[in-house]
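structure37.txt, holding compact mmCIF, C-alpha atoms:
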```txt
# COMPACT_ATOMS: atom_id res chain seq x y z
CA MET R 57 -25.28 26.62 -2.34
CA GLN R 58 -27.29 29.67 -1.32
CA PHE R 59 -28.25 28.54 2.18
CA MET R 60 -28.82 25.57 4.48
CA LEU R 61 -31.67 25.26 6.97
CA LEU R 62 -32.25 22.65 9.66
CA PHE R 63 -35.73 22.54 11.13
CA SER R 64 -37.90 20.21 13.18
CA ARG R 65 -41.11 18.45 12.18
CA GLN R 66 -42.93 21.14 14.17
CA GLY R 67 -41.39 23.82 11.94
CA LYS R 68 -38.90 25.20 14.47
CA LEU R 69 -35.73 26.47 12.83
CA ARG R 70 -32.72 24.86 14.53
CA LEU R 71 -29.83 26.02 12.37
CA GLN R 72 -29.48 28.35 9.41
CA LYS R 73 -26.45 29.20 7.33
CA TRP R 74 -26.73 31.81 4.58
CA TYR R 75 -24.14 32.13 1.85
CA VAL R 76 -25.80 35.04 0.05
CA PRO R 77 -26.46 38.49 1.50
CA LEU R 78 -30.13 38.94 2.37
CA SER R 79 -31.93 41.16 4.86
CA ASP R 80 -33.31 39.62 8.05
CA LYS R 81 -36.82 40.21 6.74
CA GLU R 82 -36.07 38.28 3.53
CA ARG R 83 -34.40 35.45 5.47
CA LYS R 84 -37.38 35.08 7.78
CA LYS R 85 -39.83 35.06 4.88
CA ILE R 86 -37.79 32.50 2.91
CA SER R 87 -37.40 30.30 6.00
CA ARG R 88 -41.10 30.46 6.84
CA ASP R 89 -42.21 29.77 3.25
CA LEU R 90 -39.79 26.89 2.75
CA VAL R 91 -40.55 25.23 6.08
CA GLN R 92 -44.29 25.37 5.33
CA THR R 93 -43.78 24.06 1.79
CA ILE R 94 -41.57 21.13 2.83
CA LEU R 95 -43.65 20.13 5.85
CA ALA R 96 -46.77 20.06 3.65
CA ARG R 97 -45.17 17.51 1.30
CA LYS R 98 -45.87 13.80 1.69
CA PRO R 99 -42.99 11.53 2.82
CA LYS R 100 -42.89 9.59 -0.47
CA MET R 101 -42.52 12.72 -2.59
CA CYS R 102 -39.26 13.64 -4.31
CA SER R 103 -36.64 15.44 -2.18
CA PHE R 104 -36.05 18.02 -4.93
CA LEU R 105 -38.33 20.88 -5.82
CA GLU R 106 -38.23 23.98 -7.96
CA TRP R 107 -38.81 27.03 -5.80
CA ARG R 108 -38.62 30.56 -7.14
CA ASP R 109 -35.42 30.60 -9.21
CA LEU R 110 -33.71 27.95 -7.04
CA LYS R 111 -33.67 24.21 -6.58
CA ILE R 112 -34.48 23.03 -3.08
CA VAL R 113 -32.92 19.77 -1.93
CA TYR R 114 -34.02 18.37 1.42
CA LYS R 115 -33.87 15.19 3.44
CA ARG R 116 -35.43 14.19 6.71
CA TYR R 117 -33.30 12.44 9.32
CA ALA R 118 -35.31 11.38 12.39
CA SER R 119 -37.10 14.54 13.57
CA LEU R 120 -34.93 17.02 11.63
CA TYR R 121 -35.19 18.26 8.08
CA PHE R 122 -31.97 19.33 6.35
CA CYS R 123 -32.73 21.72 3.50
CA CYS R 124 -30.39 23.35 0.98
CA ALA R 125 -31.08 25.85 -1.77
CA VAL R 126 -28.88 25.59 -4.84
CA GLU R 127 -28.79 27.33 -8.17
CA ASP R 128 -30.61 25.83 -11.12
CA GLN R 129 -27.49 24.44 -12.80
CA ASP R 130 -26.17 22.72 -9.62
CA ASN R 131 -26.43 18.95 -9.23
CA GLU R 132 -29.18 17.87 -6.82
CA LEU R 133 -27.55 14.50 -6.09
CA ILE R 134 -24.29 16.12 -5.02
CA THR R 135 -26.27 18.45 -2.75
CA LEU R 136 -28.06 15.44 -1.27
CA GLU R 137 -24.65 13.84 -0.69
CA ILE R 138 -23.43 17.04 1.02
CA ILE R 139 -26.44 16.90 3.35
CA HIS R 140 -25.74 13.24 4.08
CA ARG R 141 -22.04 13.92 4.73
CA TYR R 142 -22.95 16.68 7.19
CA VAL R 143 -25.31 14.31 9.01
CA GLU R 144 -22.53 11.68 9.13
CA LEU R 145 -20.15 14.25 10.63
CA LEU R 146 -22.73 15.25 13.23
CA ASP R 147 -23.35 11.56 14.02
CA LYS R 148 -19.63 10.90 14.46
CA TYR R 149 -19.18 13.92 16.70
CA PHE R 150 -22.31 13.58 18.85
CA GLY R 151 -22.76 9.81 18.56
CA SER R 152 -26.11 9.48 16.77
CA VAL R 153 -27.11 13.13 16.56
CA CYS R 154 -30.59 14.22 17.62
CA GLU R 155 -32.47 17.50 17.68
CA LEU R 156 -31.42 18.19 21.28
CA ASP R 157 -27.74 17.96 20.31
CA ILE R 158 -28.32 20.73 17.77
CA ILE R 159 -30.31 22.82 20.26
CA PHE R 160 -27.83 22.59 23.15
CA ASN R 161 -24.63 22.47 21.08
CA PHE R 162 -25.54 24.74 18.19
CA GLU R 163 -22.08 26.33 18.20
CA LYS R 164 -20.53 22.90 17.56
CA ALA R 165 -23.05 22.19 14.79
CA TYR R 166 -22.09 25.49 13.14
CA PHE R 167 -18.38 24.79 13.65
CA ILE R 168 -18.69 21.37 11.99
CA LEU R 169 -20.59 22.93 9.10
CA ASP R 170 -17.94 25.63 8.72
CA GLU R 171 -15.15 23.03 8.70
CA PHE R 172 -17.00 21.15 5.97
CA LEU R 173 -18.43 23.96 3.80
CA LEU R 174 -16.87 27.26 2.85
CA GLY R 175 -18.96 29.84 1.04
CA GLY R 176 -21.56 27.19 0.26
CA GLU R 177 -19.04 24.84 -1.38
CA ALA R 178 -17.56 21.65 0.09
CA GLN R 179 -14.04 22.53 1.17
CA GLU R 180 -13.13 19.20 2.75
CA THR R 181 -14.63 15.91 1.61
CA SER R 182 -12.71 13.68 4.01
CA LYS R 183 -14.71 12.93 7.15
CA LYS R 184 -11.48 11.98 8.89
CA ASN R 185 -9.87 15.36 8.18
CA VAL R 186 -12.93 17.33 9.27
CA LEU R 187 -13.23 15.33 12.50
CA LYS R 188 -9.51 15.75 13.15
CA ALA R 189 -9.84 19.55 12.79
CA ILE R 190 -12.81 19.54 15.17
CA GLU R 191 -10.92 17.37 17.65
CA GLN R 192 -7.96 19.77 17.54
CA ALA R 193 -10.23 22.77 18.07
CA ASP R 194 -11.90 21.04 21.04
CA LEU R 195 -8.48 20.28 22.52
CA LEU R 196 -7.35 23.88 22.03
CA GLN R 197 -10.54 25.15 23.65
CA GLU R 198 -10.05 22.76 26.58
CA VAL R 199 -6.43 23.87 27.10
CA HIS R 200 -7.48 27.53 26.85
CA SER R 201 -10.30 26.98 29.38
CA GLU R 202 -7.94 25.27 31.83
CA ALA R 203 -5.44 28.12 31.52
CA GLU R 204 -8.14 30.67 32.33
CA ALA R 205 -9.75 28.64 35.12
CA PRO R 206 -9.48 30.38 38.49
CA ARG R 207 -7.07 28.69 40.85
CA SER R 208 -7.64 28.41 44.56
CA VAL R 209 -5.59 30.39 47.07
CA LEU R 210 -3.90 27.16 48.21
CA GLU R 211 -2.82 26.41 44.64
CA GLU R 212 -1.50 29.96 44.29
CA ILE R 213 0.92 29.53 47.19
CA GLY R 214 1.82 25.94 46.29
CA LEU R 215 0.11 24.07 49.14
CA THR R 216 -1.79 21.57 46.99
```
Please lay out the structure from this file as structure tokens.
Amino acid sequence: MQFMLLFSRQGKLRLQKWYVPLSDKERKKISRDLVQTILARKPKMCSFLEWRDLKIVYKRYASLYFCCAVEDQDNELITLEIIHRYVELLDKYFGSVCELDIIFNFEKAYFILDEFLLGGEAQETSKKNVLKAIEQADLLQEVHSEAEAPRSVLEEIGLT
């Protein structure tokens, strides 16, 4: 996989993960072109399209489009399954994920993606294992936050 983009029906980019080195200018142009191309397509059209020297695989879930670019020899159906698995992971974590979850918890959306994909390849296919890793990271973050939380003066001298 070369990259993954999540964008709204209005064309707003919500998440982007690039697995190939490109300049910011190139990334913006690719994102803009792809978003326009996909949004212009009719709902009943195929979710695969040839674009430049890549295959684009996309799927719309509610108000979000999930779009991946893969090399010509890669399997489109596996890519579609990867998109679906990512949506399932987001659903499990957020409880029926919506665009606002991605906007306000983008770091969690990236973390889930990074637990699932490594270098554009699926590194863990088990939803249970990915969710367990996320749960452990959340717990670690919670413990770390509590350890750094400022204590009151009364707590400092043992009066509470």
Give one line per residue of stretch 82-151 of chain R that approaches stretch 166-189 of chain R to at most 12 Å, naming the two atoms of the closest pair and their distance in Å to one decimal, counting all atoms listed in the file; sort by chain then ascending residue number and deliver it as a tab-separated table.
```
residue	atom	partner	partner_atom	distance
R:Cys124	CA	R:Gly176	CA	9.7
R:Ala125	CA	R:Gly176	CA	9.8
R:Val126	CA	R:Gly176	CA	9.1
R:Glu127	CA	R:Gly176	CA	11.1
R:Asp130	CA	R:Glu177	CA	11.1
R:Ile134	CA	R:Ala178	CA	10.1
R:Thr135	CA	R:Ala178	CA	9.7
R:Glu137	CA	R:Thr181	CA	10.5
R:Ile138	CA	R:Ala178	CA	7.5
R:Ile139	CA	R:Leu169	CA	10.2
R:His140	CA	R:Lys183	CA	11.5
R:Arg141	CA	R:Lys183	CA	7.8
R:Tyr142	CA	R:Leu169	CA	6.9
R:Val143	CA	R:Leu169	CA	9.8
R:Glu144	CA	R:Lys183	CA	8.2
R:Leu145	CA	R:Lys183	CA	6.6
R:Leu146	CA	R:Ile168	CA	7.4
R:Asp147	CA	R:Leu187	CA	10.9
R:Lys148	CA	R:Leu187	CA	8.0
R:Tyr149	CA	R:Leu187	CA	7.4
R:Phe150	CA	R:Ile168	CA	11.0
```
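Distance cut-off 9 Å, centre (-35.1, 22.3, -3.0), atoms counted only C-alpha atoms; the residues meeting this are Leu90, Ile94, Ser103, Phe104, Leu105, Glu106, Trp107, Leu110, Lys111, Ile112, Val113, Tyr114, Cys123, Cys124, Ala125, Val126 and Glu132 of chain R.
Minimum atom-to-atom distances from R:Met60, R:Lys81, R:Arg70, R:Arg65 to R:Ile158 were compared using all atoms listed in the file, and the lowest value belongs to R:Arg70.
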Using all atoms listed in the file, pick whichever of R:Leu71, R:Glu191, R:Ala96, R:Val199 has the shortest atom-to-atom distance to R:Leu120.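 The shortest atom-to-atom distance to R:Leu120 comes from R:Leu71.
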What does the distance from atom CA of R:Gln58 to atom CA of R:Lys73 come to in Å, to one decimal? 8.7 Å
